[in-house]
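Quick look at model.pdb (PDB, C-alpha atoms and all ligand atoms):
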ATOM      1  CA  MET A   1       0.000   0.000   0.000  1.00  0.00           C
ATOM      2  CA  ALA A   2       1.315   3.473  -0.861  1.00  0.00           C
ATOM      3  CA  LYS A   3       2.271   5.487   2.184  1.00  0.00           C
ATOM      4  CA  ILE A   4       0.110   8.537   2.846  1.00  0.00           C
ATOM      5  CA  VAL A   5       1.817  11.753   3.891  1.00  0.00           C
ATOM      6  CA  VAL A   6      -0.440  14.644   4.849  1.00  0.00           C
ATOM      7  CA  ALA A   7       0.933  18.185   4.881  1.00  0.00           C
ATOM      8  CA  ASN A   8      -1.134  20.154   7.380  1.00  0.00           C
ATOM      9  CA  TRP A   9      -0.179  23.796   6.855  1.00  0.00           C
ATOM     10  CA  LYS A  10      -2.469  24.957   9.672  1.00  0.00           C
ATOM     11  CA  GLU A  11      -2.740  28.787   9.775  1.00  0.00           C
ATOM     12  CA  ASN A  12       0.234  29.269   7.433  1.00  0.00           C
ATOM     13  CA  PRO A  13       1.651  30.863   5.298  1.00  0.00           C
ATOM     14  CA  GLN A  14       0.460  34.457   5.536  1.00  0.00           C
ATOM     15  CA  SER A  15       0.337  35.385   1.843  1.00  0.00           C
ATOM     16  CA  GLN A  16      -0.732  33.967  -1.509  1.00  0.00           C
ATOM     17  CA  LYS A  17       2.753  34.469  -2.792  1.00  0.00           C
ATOM     18  CA  GLU A  18       4.256  32.309  -0.075  1.00  0.00           C
ATOM     19  CA  ALA A  19       1.526  29.722  -0.548  1.00  0.00           C
ATOM     20  CA  GLU A  20       2.357  29.466  -4.250  1.00  0.00           C
ATOM     21  CA  VAL A  21       6.030  28.932  -3.445  1.00  0.00           C
ATOM     22  CA  LEU A  22       5.119  26.247  -0.943  1.00  0.00           C
ATOM     23  CA  PHE A  23       2.747  24.489  -3.357  1.00  0.00           C
ATOM     24  CA  LYS A  24       5.389  24.544  -6.062  1.00  0.00           C
ATOM     25  CA  GLY A  25       8.082  23.177  -3.763  1.00  0.00           C
ATOM     26  CA  THR A  26       5.840  20.423  -2.442  1.00  0.00           C
ATOM     27  CA  PHE A  27       4.582  19.401  -5.893  1.00  0.00           C
ATOM     28  CA  LEU A  28       8.160  19.124  -7.148  1.00  0.00           C
ATOM     29  CA  LEU A  29       8.971  16.769  -4.277  1.00  0.00           C
ATOM     30  CA  ALA A  30       6.288  14.377  -5.414  1.00  0.00           C
ATOM     31  CA  LYS A  31       7.780  13.855  -8.851  1.00  0.00           C
ATOM     32  CA  PHE A  32       9.831  10.745  -8.356  1.00  0.00           C
ATOM     33  CA  ARG A  33       7.940   9.139  -5.518  1.00  0.00           C
ATOM     34  CA  GLU A  34       5.882   6.306  -6.879  1.00  0.00           C
ATOM     35  CA  ASN A  35       4.905   4.784  -3.606  1.00  0.00           C
ATOM     36  CA  THR A  36       3.782   7.839  -1.699  1.00  0.00           C
ATOM     37  CA  ARG A  37       0.460   9.635  -1.728  1.00  0.00           C
ATOM     38  CA  ILE A  38       0.919  13.261  -0.686  1.00  0.00           C
ATOM     39  CA  ILE A  39      -2.127  15.188   0.519  1.00  0.00           C
ATOM     40  CA  ILE A  40      -1.621  18.941   0.918  1.00  0.00           C
ATOM     41  CA  CYS A  41      -4.042  20.603   3.325  1.00  0.00           C
ATOM     42  CA  PRO A  42      -3.662  24.372   3.015  1.00  0.00           C
ATOM     43  CA  PRO A  43      -5.907  26.972   4.671  1.00  0.00           C
ATOM     44  CA  PHE A  44      -9.231  27.370   2.787  1.00  0.00           C
ATOM     45  CA  PRO A  45      -8.284  30.556   0.864  1.00  0.00           C
ATOM     46  CA  TYR A  46      -5.322  28.840  -0.802  1.00  0.00           C
ATOM     47  CA  LEU A  47      -7.151  25.745  -2.020  1.00  0.00           C
ATOM     48  CA  TYR A  48      -7.841  27.305  -5.401  1.00  0.00           C
ATOM     49  CA  LEU A  49      -4.156  28.091  -5.967  1.00  0.00           C
ATOM     50  CA  SER A  50      -3.231  24.443  -6.189  1.00  0.00           C
ATOM     51  CA  GLY A  51      -4.968  24.153  -9.581  1.00  0.00           C
ATOM     52  CA  LYS A  52      -1.910  25.779 -11.113  1.00  0.00           C
ATOM     53  CA  PHE A  53       0.313  22.950  -9.959  1.00  0.00           C
ATOM     54  CA  LYS A  54      -2.021  19.991  -9.796  1.00  0.00           C
ATOM     55  CA  ASN A  55      -0.674  16.609 -10.828  1.00  0.00           C
ATOM     56  CA  LYS A  56      -1.691  13.032 -10.269  1.00  0.00           C
ATOM     57  CA  LYS A  57       0.639  12.342  -7.364  1.00  0.00           C
ATOM     58  CA  VAL A  58      -0.445  15.140  -5.109  1.00  0.00           C
ATOM     59  CA  PHE A  59      -3.923  15.387  -3.665  1.00  0.00           C
ATOM     60  CA  LEU A  60      -5.630  18.303  -2.068  1.00  0.00           C
ATOM     61  CA  GLY A  61      -7.337  18.324   1.302  1.00  0.00           C
ATOM     62  CA  ALA A  62      -9.008  20.870   3.550  1.00  0.00           C
ATOM     63  CA  GLN A  63      -8.271  21.316   7.247  1.00  0.00           C
ATOM     64  CA  ASN A  64     -11.914  21.254   8.239  1.00  0.00           C
ATOM     65  CA  VAL A  65     -15.455  21.273   6.848  1.00  0.00           C
ATOM     66  CA  GLY A  66     -18.901  22.381   7.947  1.00  0.00           C
ATOM     67  CA  LYS A  67     -21.439  19.868   9.177  1.00  0.00           C
ATOM     68  CA  GLU A  68     -24.217  21.126   6.919  1.00  0.00           C
ATOM     69  CA  GLU A  69     -24.625  20.899   3.157  1.00  0.00           C
ATOM     70  CA  GLY A  70     -24.765  24.687   2.916  1.00  0.00           C
ATOM     71  CA  GLY A  71     -27.025  27.549   3.929  1.00  0.00           C
ATOM     72  CA  SER A  72     -27.171  30.124   6.717  1.00  0.00           C
ATOM     73  CA  TYR A  73     -24.039  29.075   8.625  1.00  0.00           C
ATOM     74  CA  THR A  74     -21.623  31.961   8.942  1.00  0.00           C
ATOM     75  CA  GLY A  75     -17.983  31.016   8.669  1.00  0.00           C
ATOM     76  CA  GLU A  76     -18.627  27.456   7.485  1.00  0.00           C
ATOM     77  CA  VAL A  77     -17.429  25.768   4.294  1.00  0.00           C
ATOM     78  CA  SER A  78     -19.381  22.943   2.657  1.00  0.00           C
ATOM     79  CA  PRO A  79     -18.057  19.668   1.205  1.00  0.00           C
ATOM     80  CA  LYS A  80     -19.356  20.670  -2.229  1.00  0.00           C
ATOM     81  CA  MET A  81     -17.297  23.875  -2.142  1.00  0.00           C
ATOM     82  CA  LEU A  82     -14.214  21.872  -1.191  1.00  0.00           C
ATOM     83  CA  SER A  83     -14.685  19.380  -3.935  1.00  0.00           C
ATOM     84  CA  ASP A  84     -15.301  22.182  -6.441  1.00  0.00           C
ATOM     85  CA  MET A  85     -11.891  23.586  -5.415  1.00  0.00           C
ATOM     86  CA  GLY A  86     -10.291  20.239  -6.203  1.00  0.00           C
ATOM     87  CA  ALA A  87     -10.120  18.767  -2.707  1.00  0.00           C
ATOM     88  CA  ASP A  88     -10.622  15.028  -2.257  1.00  0.00           C
ATOM     89  CA  PHE A  89      -9.889  14.924   1.476  1.00  0.00           C
ATOM     90  CA  ALA A  90     -10.593  16.890   4.648  1.00  0.00           C
ATOM     91  CA  ILE A  91      -9.063  16.657   8.110  1.00  0.00           C
ATOM     92  CA  VAL A  92     -11.699  16.374  10.833  1.00  0.00           C
ATOM     93  CA  GLY A  93     -11.367  16.209  14.594  1.00  0.00           C
ATOM     94  CA  HIS A  94      -7.934  17.768  14.718  1.00  0.00           C
ATOM     95  CA  GLY A  95      -6.737  18.153  18.305  1.00  0.00           C
ATOM     96  CA  GLU A  96      -6.472  21.924  17.905  1.00  0.00           C
ATOM     97  CA  GLU A  97     -10.170  22.072  16.896  1.00  0.00           C
ATOM     98  CA  ARG A  98     -11.179  19.744  19.714  1.00  0.00           C
ATOM     99  CA  LEU A  99      -9.419  22.071  22.158  1.00  0.00           C
ATOM    100  CA  LEU A 100     -11.730  24.834  20.913  1.00  0.00           C
ATOM    101  CA  GLY A 101     -14.727  22.728  21.837  1.00  0.00           C
ATOM    102  CA  GLU A 102     -15.366  20.468  18.853  1.00  0.00           C
ATOM    103  CA  THR A 103     -17.148  17.357  20.119  1.00  0.00           C
ATOM    104  CA  ASN A 104     -17.227  13.805  18.748  1.00  0.00           C
ATOM    105  CA  GLU A 105     -20.841  14.455  17.809  1.00  0.00           C
ATOM    106  CA  ILE A 106     -19.916  17.428  15.613  1.00  0.00           C
ATOM    107  CA  ILE A 107     -17.027  15.503  14.085  1.00  0.00           C
ATOM    108  CA  ASN A 108     -19.366  12.621  13.316  1.00  0.00           C
ATOM    109  CA  ALA A 109     -21.748  14.985  11.498  1.00  0.00           C
ATOM    110  CA  LYS A 110     -18.831  16.373   9.501  1.00  0.00           C
ATOM    111  CA  ILE A 111     -17.681  12.883   8.514  1.00  0.00           C
ATOM    112  CA  LEU A 112     -21.153  11.913   7.313  1.00  0.00           C
ATOM    113  CA  ASN A 113     -21.382  15.184   5.409  1.00  0.00           C
ATOM    114  CA  LEU A 114     -18.044  14.600   3.669  1.00  0.00           C
ATOM    115  CA  LEU A 115     -18.904  11.036   2.711  1.00  0.00           C
ATOM    116  CA  LYS A 116     -22.205  12.163   1.243  1.00  0.00           C
ATOM    117  CA  PHE A 117     -20.256  14.296  -1.228  1.00  0.00           C
ATOM    118  CA  LYS A 118     -17.564  11.703  -1.933  1.00  0.00           C
ATOM    119  CA  LEU A 119     -14.768  13.331   0.031  1.00  0.00           C
ATOM    120  CA  SER A 120     -12.515  11.263   2.271  1.00  0.00           C
ATOM    121  CA  PRO A 121     -12.291  12.229   5.944  1.00  0.00           C
ATOM    122  CA  ILE A 122      -8.918  12.119   7.683  1.00  0.00           C
ATOM    123  CA  LEU A 123     -10.122  11.556  11.229  1.00  0.00           C
ATOM    124  CA  CYS A 124      -7.721  12.657  13.976  1.00  0.00           C
ATOM    125  CA  VAL A 125      -7.906  11.002  17.363  1.00  0.00           C
ATOM    126  CA  GLY A 126      -5.625  11.154  20.382  1.00  0.00           C
ATOM    127  CA  GLU A 127      -5.543  11.671  24.115  1.00  0.00           C
ATOM    128  CA  SER A 128      -4.317  14.776  25.895  1.00  0.00           C
ATOM    129  CA  GLU A 129      -2.385  12.811  28.503  1.00  0.00           C
ATOM    130  CA  ARG A 130      -1.179   9.292  29.154  1.00  0.00           C
ATOM    131  CA  ASP A 131      -2.151   7.863  32.516  1.00  0.00           C
ATOM    132  CA  LYS A 132      -0.613   4.727  34.006  1.00  0.00           C
ATOM    133  CA  GLU A 133      -4.032   3.087  34.389  1.00  0.00           C
ATOM    134  CA  GLY A 134      -4.522   3.084  30.626  1.00  0.00           C
ATOM    135  CA  ASN A 135      -7.603   5.310  30.597  1.00  0.00           C
ATOM    136  CA  TYR A 136      -6.234   6.946  27.461  1.00  0.00           C
ATOM    137  CA  LEU A 137      -7.100   3.765  25.588  1.00  0.00           C
ATOM    138  CA  SER A 138     -10.788   3.931  26.433  1.00  0.00           C
ATOM    139  CA  PHE A 139     -10.711   7.660  25.684  1.00  0.00           C
ATOM    140  CA  VAL A 140      -9.452   7.009  22.139  1.00  0.00           C
ATOM    141  CA  GLU A 141     -11.888   4.100  21.797  1.00  0.00           C
ATOM    142  CA  GLY A 142     -14.729   6.518  22.586  1.00  0.00           C
ATOM    143  CA  GLN A 143     -13.451   8.989  20.000  1.00  0.00           C
ATOM    144  CA  VAL A 144     -13.281   6.330  17.279  1.00  0.00           C
ATOM    145  CA  LYS A 145     -16.704   4.873  18.076  1.00  0.00           C
ATOM    146  CA  ASP A 146     -18.522   8.190  18.448  1.00  0.00           C
ATOM    147  CA  CYS A 147     -16.941   9.818  15.404  1.00  0.00           C
ATOM    148  CA  LEU A 148     -17.743   6.843  13.160  1.00  0.00           C
ATOM    149  CA  LEU A 149     -21.310   6.442  14.368  1.00  0.00           C
ATOM    150  CA  ALA A 150     -23.626   5.439  11.493  1.00  0.00           C
ATOM    151  CA  VAL A 151     -20.805   5.335   8.957  1.00  0.00           C
ATOM    152  CA  PRO A 152     -21.824   2.417   6.738  1.00  0.00           C
ATOM    153  CA  LYS A 153     -19.446  -0.483   6.199  1.00  0.00           C
ATOM    154  CA  ALA A 154     -19.216   0.266   2.488  1.00  0.00           C
ATOM    155  CA  GLN A 155     -17.913   3.783   3.231  1.00  0.00           C
ATOM    156  CA  MET A 156     -15.097   2.644   5.480  1.00  0.00           C
ATOM    157  CA  LYS A 157     -12.724   2.294   2.528  1.00  0.00           C
ATOM    158  CA  ASN A 158     -12.833   6.098   2.281  1.00  0.00           C
ATOM    159  CA  ILE A 159     -11.739   6.763   5.862  1.00  0.00           C
ATOM    160  CA  ILE A 160      -8.207   7.476   7.058  1.00  0.00           C
ATOM    161  CA  ILE A 161      -7.424   7.651  10.771  1.00  0.00           C
ATOM    162  CA  ALA A 162      -4.542   9.677  12.181  1.00  0.00           C
ATOM    163  CA  TYR A 163      -3.385   9.023  15.720  1.00  0.00           C
ATOM    164  CA  GLU A 164      -2.184  12.365  17.005  1.00  0.00           C
ATOM    165  CA  PRO A 165      -1.680  12.524  20.769  1.00  0.00           C
ATOM    166  CA  ILE A 166      -2.388  16.110  21.857  1.00  0.00           C
ATOM    167  CA  TRP A 167       0.836  16.196  23.876  1.00  0.00           C
ATOM    168  CA  ALA A 168       2.838  15.569  20.695  1.00  0.00           C
ATOM    169  CA  ILE A 169       1.326  18.130  18.316  1.00  0.00           C
ATOM    170  CA  GLY A 170       2.242  21.678  17.417  1.00  0.00           C
ATOM    171  CA  ALA A 171       4.487  24.264  19.007  1.00  0.00           C
ATOM    172  CA  ASN A 172       3.481  23.261  22.558  1.00  0.00           C
ATOM    173  CA  ALA A 173       4.392  19.602  22.124  1.00  0.00           C
ATOM    174  CA  THR A 174       6.317  18.074  24.985  1.00  0.00           C
ATOM    175  CA  ARG A 175       7.732  15.228  22.861  1.00  0.00           C
ATOM    176  CA  GLU A 176       6.865  12.954  19.951  1.00  0.00           C
ATOM    177  CA  ALA A 177       5.398   9.502  20.594  1.00  0.00           C
ATOM    178  CA  THR A 178       7.705   6.508  20.535  1.00  0.00           C
ATOM    179  CA  LYS A 179       7.301   3.872  17.868  1.00  0.00           C
ATOM    180  CA  GLU A 180       6.091   1.464  20.566  1.00  0.00           C
ATOM    181  CA  GLU A 181       3.440   3.915  21.741  1.00  0.00           C
ATOM    182  CA  PHE A 182       2.269   4.347  18.167  1.00  0.00           C
ATOM    183  CA  MET A 183       2.272   0.628  17.442  1.00  0.00           C
ATOM    184  CA  GLU A 184       0.238  -0.129  20.569  1.00  0.00           C
ATOM    185  CA  MET A 185      -2.322   2.490  19.549  1.00  0.00           C
ATOM    186  CA  LYS A 186      -2.452   1.291  15.958  1.00  0.00           C
ATOM    187  CA  ILE A 187      -3.245  -2.250  17.082  1.00  0.00           C
ATOM    188  CA  PHE A 188      -5.770  -0.934  19.585  1.00  0.00           C
ATOM    189  CA  ILE A 189      -7.589   1.254  17.027  1.00  0.00           C
ATOM    190  CA  LYS A 190      -7.735  -1.671  14.606  1.00  0.00           C
ATOM    191  CA  LYS A 191      -9.299  -3.793  17.334  1.00  0.00           C
ATOM    192  CA  VAL A 192     -11.922  -1.123  17.946  1.00  0.00           C
ATOM    193  CA  ILE A 193     -12.654  -0.962  14.205  1.00  0.00           C
ATOM    194  CA  SER A 194     -12.833  -4.742  14.080  1.00  0.00           C
ATOM    195  CA  ASP A 195     -15.368  -4.719  16.938  1.00  0.00           C
ATOM    196  CA  ILE A 196     -17.548  -2.147  15.174  1.00  0.00           C
ATOM    197  CA  TYR A 197     -17.154  -3.530  11.642  1.00  0.00           C
ATOM    198  CA  ASP A 198     -15.029  -6.573  10.861  1.00  0.00           C
ATOM    199  CA  GLY A 199     -11.457  -7.795  10.631  1.00  0.00           C
ATOM    200  CA  LYS A 200     -11.173  -7.073   6.926  1.00  0.00           C
ATOM    201  CA  ILE A 201     -12.038  -3.399   7.357  1.00  0.00           C
ATOM    202  CA  ALA A 202      -9.757  -3.175  10.412  1.00  0.00           C
ATOM    203  CA  HIS A 203      -6.932  -4.656   8.383  1.00  0.00           C
ATOM    204  CA  SER A 204      -7.263  -2.283   5.457  1.00  0.00           C
ATOM    205  CA  ILE A 205      -7.941   1.052   7.189  1.00  0.00           C
ATOM    206  CA  PRO A 206      -4.843   3.285   7.042  1.00  0.00           C
ATOM    207  CA  ILE A 207      -3.605   4.498  10.427  1.00  0.00           C
ATOM    208  CA  LEU A 208      -1.216   7.437  10.290  1.00  0.00           C
ATOM    209  CA  TYR A 209       0.961   8.944  12.990  1.00  0.00           C
ATOM    210  CA  GLY A 210       1.036  12.704  13.600  1.00  0.00           C
ATOM    211  CA  GLY A 211       2.773  14.859  16.173  1.00  0.00           C
ATOM    212  CA  SER A 212       6.226  16.492  15.889  1.00  0.00           C
ATOM    213  CA  VAL A 213       7.180  14.420  12.852  1.00  0.00           C
ATOM    214  CA  ASN A 214      10.549  15.540  11.472  1.00  0.00           C
ATOM    215  CA  PRO A 215      13.215  14.183   9.098  1.00  0.00           C
ATOM    216  CA  ALA A 216      15.032  12.477  11.978  1.00  0.00           C
ATOM    217  CA  ASN A 217      12.062  10.572  13.429  1.00  0.00           C
ATOM    218  CA  ALA A 218       9.882   9.911  10.352  1.00  0.00           C
ATOM    219  CA  SER A 219      11.227   6.462   9.559  1.00  0.00           C
ATOM    220  CA  GLN A 220      10.856   5.249  13.146  1.00  0.00           C
ATOM    221  CA  PHE A 221       7.068   5.501  12.849  1.00  0.00           C
ATOM    222  CA  VAL A 222       6.794   4.013   9.390  1.00  0.00           C
ATOM    223  CA  ASP A 223       9.472   1.311   9.548  1.00  0.00           C
ATOM    224  CA  GLY A 224       9.520   0.701  13.286  1.00  0.00           C
ATOM    225  CA  GLY A 225       5.927   1.533  14.200  1.00  0.00           C
ATOM    226  CA  LYS A 226       4.375   0.260  10.953  1.00  0.00           C
ATOM    227  CA  ALA A 227       2.435   3.466  10.383  1.00  0.00           C
ATOM    228  CA  ASP A 228       0.610   3.641   7.062  1.00  0.00           C
ATOM    229  CA  GLY A 229       1.775   7.206   6.754  1.00  0.00           C
ATOM    230  CA  LEU A 230       2.333  10.485   8.556  1.00  0.00           C
ATOM    231  CA  LEU A 231       0.506  13.704   9.279  1.00  0.00           C
ATOM    232  CA  VAL A 232       3.046  16.507   9.286  1.00  0.00           C
ATOM    233  CA  GLY A 233       2.449  20.026  10.614  1.00  0.00           C
ATOM    234  CA  ARG A 234       5.424  22.330  11.156  1.00  0.00           C
ATOM    235  CA  ASP A 235       7.870  20.471   8.936  1.00  0.00           C
ATOM    236  CA  SER A 236       5.456  20.539   5.983  1.00  0.00           C
ATOM    237  CA  LEU A 237       6.065  24.297   5.743  1.00  0.00           C
ATOM    238  CA  ASP A 238       9.621  23.809   4.568  1.00  0.00           C
ATOM    239  CA  PRO A 239       9.964  21.763   1.352  1.00  0.00           C
ATOM    240  CA  LYS A 240      13.525  20.831   2.347  1.00  0.00           C
ATOM    241  CA  LYS A 241      12.365  19.261   5.600  1.00  0.00           C
ATOM    242  CA  PHE A 242       9.239  17.803   4.032  1.00  0.00           C
ATOM    243  CA  GLY A 243      11.392  16.309   1.263  1.00  0.00           C
ATOM    244  CA  ALA A 244      13.701  14.785   3.854  1.00  0.00           C
ATOM    245  CA  ILE A 245      10.662  13.224   5.569  1.00  0.00           C
ATOM    246  CA  LEU A 246       9.547  11.749   2.240  1.00  0.00           C
ATOM    247  CA  ASN A 247      13.067  10.469   1.642  1.00  0.00           C
ATOM    248  CA  ALA A 248      13.015   8.743   5.004  1.00  0.00           C
ATOM    249  CA  LEU A 249      10.022   6.705   3.831  1.00  0.00           C
ATOM    250  CA  ASN A 250      11.542   5.550   0.568  1.00  0.00           C
TER
HETATM  251  P1  LIG B   1       3.200  19.100  14.136  1.00  0.00           P
HETATM  252  O1  LIG B   1       1.644  19.100  13.815  1.00  0.00           O
HETATM  253  O2  LIG B   1       3.845  18.222  13.109  1.00  0.00           O
HETATM  254  O3  LIG B   1       3.616  20.539  13.994  1.00  0.00           O
HETATM  255  O4  LIG B   1       3.361  18.583  15.519  1.00  0.00           O
HETATM  256  C1  LIG B   1       0.973  17.941  13.479  1.00  0.00           C
HETATM  257  C2  LIG B   1      -0.495  18.197  13.573  1.00  0.00           C
HETATM  258  O5  LIG B   1      -0.939  18.785  14.562  1.00  0.00           O
HETATM  259  O6  LIG B   1      -1.259  17.877  12.676  1.00  0.00           O
END
Let me see the structure of the file written as structure tokens.
Ligand code: PGA
Amino acid sequence: MAKIVVANWKENPQSQKEAEVLFKGTFLLAKFRENTRIIICPPFPYLYLSGKFKNKKVFLGAQNVGKEEGGSYTGEVSPKMLSDMGADFAIVGHGEERLLGETNEIINAKILNLLKFKLSPILCVGESERDKEGNYLSFVEGQVKDCLLAVPKAQMKNIIIAYEPIWAIGANATREATKEEFMEMKIFIKKVISDIYDGKIAHSIPILYGGSVNPANASQFVDGGKADGLLVGRDSLDPKKFGAILNALN
């Protein structure tokens, strides 16, 4: 299976000009990588810029989506708008959105909305702290179950899950996960999926790692932790670093 590498630009860069440079740099990186599927997730206003550089190896994703099909919802963006801009994917349930109050119920509505319009959700899950009693496992189990509520079996081939522990993401990260921590969680999430659906779906669903991924640690998650790919924040803003992460996977 091709490895999936998601570039989550978050609230960056600050100008169109810089976004074009970043698109160009990232698209060039994809050229000789047969076995990697790169998904660039820029801020909404830059989605349309990617059309200039679009090729078959790089996909476009949004960082969020509204839970309605459209209408009187100030500040929201619909799946149809995203797909019209060329996006095939959207991140949902990112830890930074959850910290602002996004619930599993809202994320579930967003997932169902995306699937209705043939976009693939990249569902982020992850605990904010690891306790010795292992409560973080049931916390993540709850996230997976609640966010996938009523998602039909036949749609599961369109879902990607990213395990992103809150303590490992963004500028406030305390550390990245270890490959063992990731591997444990990957197996656990697959068991949860197997309980809800079946072993076949659990086997085929891609589970990515995200949180302080950099050129030095990328291969530990993919080779050591058997991640199906990576979700990269800060180091996706520098094509040199992002390229080095891609190199680490090949
Ligand atoms: P980071 O972000 O790579 O900057 O830690 C990852 C994410 O939050 O998606």
Counting all atoms listed in the file, the option among A:Asn64, A:Asn35, A:Ser212, A:Asn247 closest to Met81 (chain A):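 Ranking A:Asn64, A:Asn35, A:Ser212, A:Asn247 by distance to Met81 (chain A), first place goes to A:Asn64.
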Quick one: pull the distance between CA of Ala202 (chain A) and CA of Lys186 (chain A), Å, one decimal. 10.2 Å
Who sits within 8 Å of Lys10 (chain A), only C-alpha atoms, same chain under 2 positions skipped, as a PyMOL selection string: chain A and resi 8+12+41-43+63+233
Under the rule that only C-alpha atoms and all ligand atoms are counted, which of A:Ile91, A:Asn113, A:Glu141, A:Asn108 is the nearest residue to ligand LIG 1 (chain B)?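 Among the listed residues, the smallest separation from ligand LIG 1 (chain B) belongs to A:Ile91.
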With all atoms listed in the file counted, collect every polymer residue having an atom within 10 Å of ligand LIG 1 (chain B); state the result as JSON, numbers by chain. {"A": [6, 7, 8, 9, 10, 63, 91, 94, 95, 96, 124, 162, 163, 164, 165, 166, 167, 168, 169, 170, 171, 172, 173, 174, 175, 176, 209, 210, 211, 212, 213, 214, 230, 231, 232, 233, 234, 235, 236, 237]}
Return the single residue from A:Tyr46, A:Pro215, A:Ile160, A:Gly199 that is closest to Gly243 (chain A), with distances computed using only C-alpha atoms.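 Result for the nearest residue to Gly243 (chain A): A:Pro215.
Atom pair CA of Ile189 (chain A) / CA of Leu99 (chain A) has a distance of 21.5 Å (rounded to one decimal).
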Quick one: pull the distance between CA of Gly25 (chain A) and CA of Val58 (chain A), Å, one decimal.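 Between CA of Gly25 (chain A) and CA of Val58 (chain A) the gap is 11.8 Å.
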Long-range neighbours of Asp146 (chain A) as a ChimeraX atom specification, 7 Å cut-off, only C-alpha atoms, 2 positions minimum in chain: /A:104-105,108,142-144,148-149
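Here the PyMOL selection byres (((chain A and resi 61) around 6) and not hetatm) captures the residues A:Ile40, A:Cys41, A:Leu60, A:Ala62, A:Ala87, A:Asp88, A:Phe89, A:Ala90.
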Once the PyMOL selection byres (((chain A and resi 219) around 10) and not hetatm) has been applied to the shown file, what residues remain in the selection, as number ranges by chain? A: 179, 213-218, 220-227, 229-230, 245-250
For region 109-113 of chain A, supply all heavy atoms and report the output as a PDB file, keeping the file's coordinate frame.
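This went into out_38.pdb:
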ATOM      1  N   ALA A 109     -20.894  14.342  12.505  1.00  0.00           N
ATOM      2  CA  ALA A 109     -21.748  14.985  11.498  1.00  0.00           C
ATOM      3  C   ALA A 109     -20.910  15.439  10.304  1.00  0.00           C
ATOM      4  O   ALA A 109     -21.335  15.331   9.144  1.00  0.00           O
ATOM      5  CB  ALA A 109     -22.482  16.171  12.123  1.00  0.00           C
ATOM      6  N   LYS A 110     -19.715  15.921  10.579  1.00  0.00           N
ATOM      7  CA  LYS A 110     -18.831  16.373   9.501  1.00  0.00           C
ATOM      8  C   LYS A 110     -18.404  15.190   8.622  1.00  0.00           C
ATOM      9  O   LYS A 110     -18.333  15.297   7.394  1.00  0.00           O
ATOM     10  CB  LYS A 110     -17.598  17.075  10.080  1.00  0.00           C
ATOM     11  CG  LYS A 110     -17.934  18.415  10.713  1.00  0.00           C
ATOM     12  CD  LYS A 110     -16.697  19.116  11.269  1.00  0.00           C
ATOM     13  CE  LYS A 110     -17.082  20.524  11.736  1.00  0.00           C
ATOM     14  NZ  LYS A 110     -15.930  21.281  12.241  1.00  0.00           N
ATOM     15  N   ILE A 111     -18.096  14.075   9.266  1.00  0.00           N
ATOM     16  CA  ILE A 111     -17.681  12.883   8.514  1.00  0.00           C
ATOM     17  C   ILE A 111     -18.815  12.420   7.593  1.00  0.00           C
ATOM     18  O   ILE A 111     -18.603  12.158   6.404  1.00  0.00           O
ATOM     19  CB  ILE A 111     -17.264  11.751   9.486  1.00  0.00           C
ATOM     20  CG1 ILE A 111     -15.937  12.118  10.151  1.00  0.00           C
ATOM     21  CG2 ILE A 111     -17.160  10.402   8.776  1.00  0.00           C
ATOM     22  CD1 ILE A 111     -15.448  11.124  11.176  1.00  0.00           C
ATOM     23  N   LEU A 112     -20.014  12.360   8.126  1.00  0.00           N
ATOM     24  CA  LEU A 112     -21.153  11.913   7.313  1.00  0.00           C
ATOM     25  C   LEU A 112     -21.401  12.886   6.153  1.00  0.00           C
ATOM     26  O   LEU A 112     -21.719  12.478   5.036  1.00  0.00           O
ATOM     27  CB  LEU A 112     -22.404  11.763   8.192  1.00  0.00           C
ATOM     28  CG  LEU A 112     -22.309  10.677   9.268  1.00  0.00           C
ATOM     29  CD1 LEU A 112     -23.517  10.724  10.197  1.00  0.00           C
ATOM     30  CD2 LEU A 112     -22.175   9.275   8.652  1.00  0.00           C
ATOM     31  N   ASN A 113     -21.206  14.154   6.436  1.00  0.00           N
ATOM     32  CA  ASN A 113     -21.382  15.184   5.409  1.00  0.00           C
ATOM     33  C   ASN A 113     -20.347  15.027   4.293  1.00  0.00           C
ATOM     34  O   ASN A 113     -20.668  15.102   3.106  1.00  0.00           O
ATOM     35  CB  ASN A 113     -21.266  16.560   6.075  1.00  0.00           C
ATOM     36  CG  ASN A 113     -21.914  17.676   5.282  1.00  0.00           C
ATOM     37  OD1 ASN A 113     -22.767  17.417   4.416  1.00  0.00           O
ATOM     38  ND2 ASN A 113     -21.530  18.898   5.560  1.00  0.00           N
TER      39      ASN A 113
END
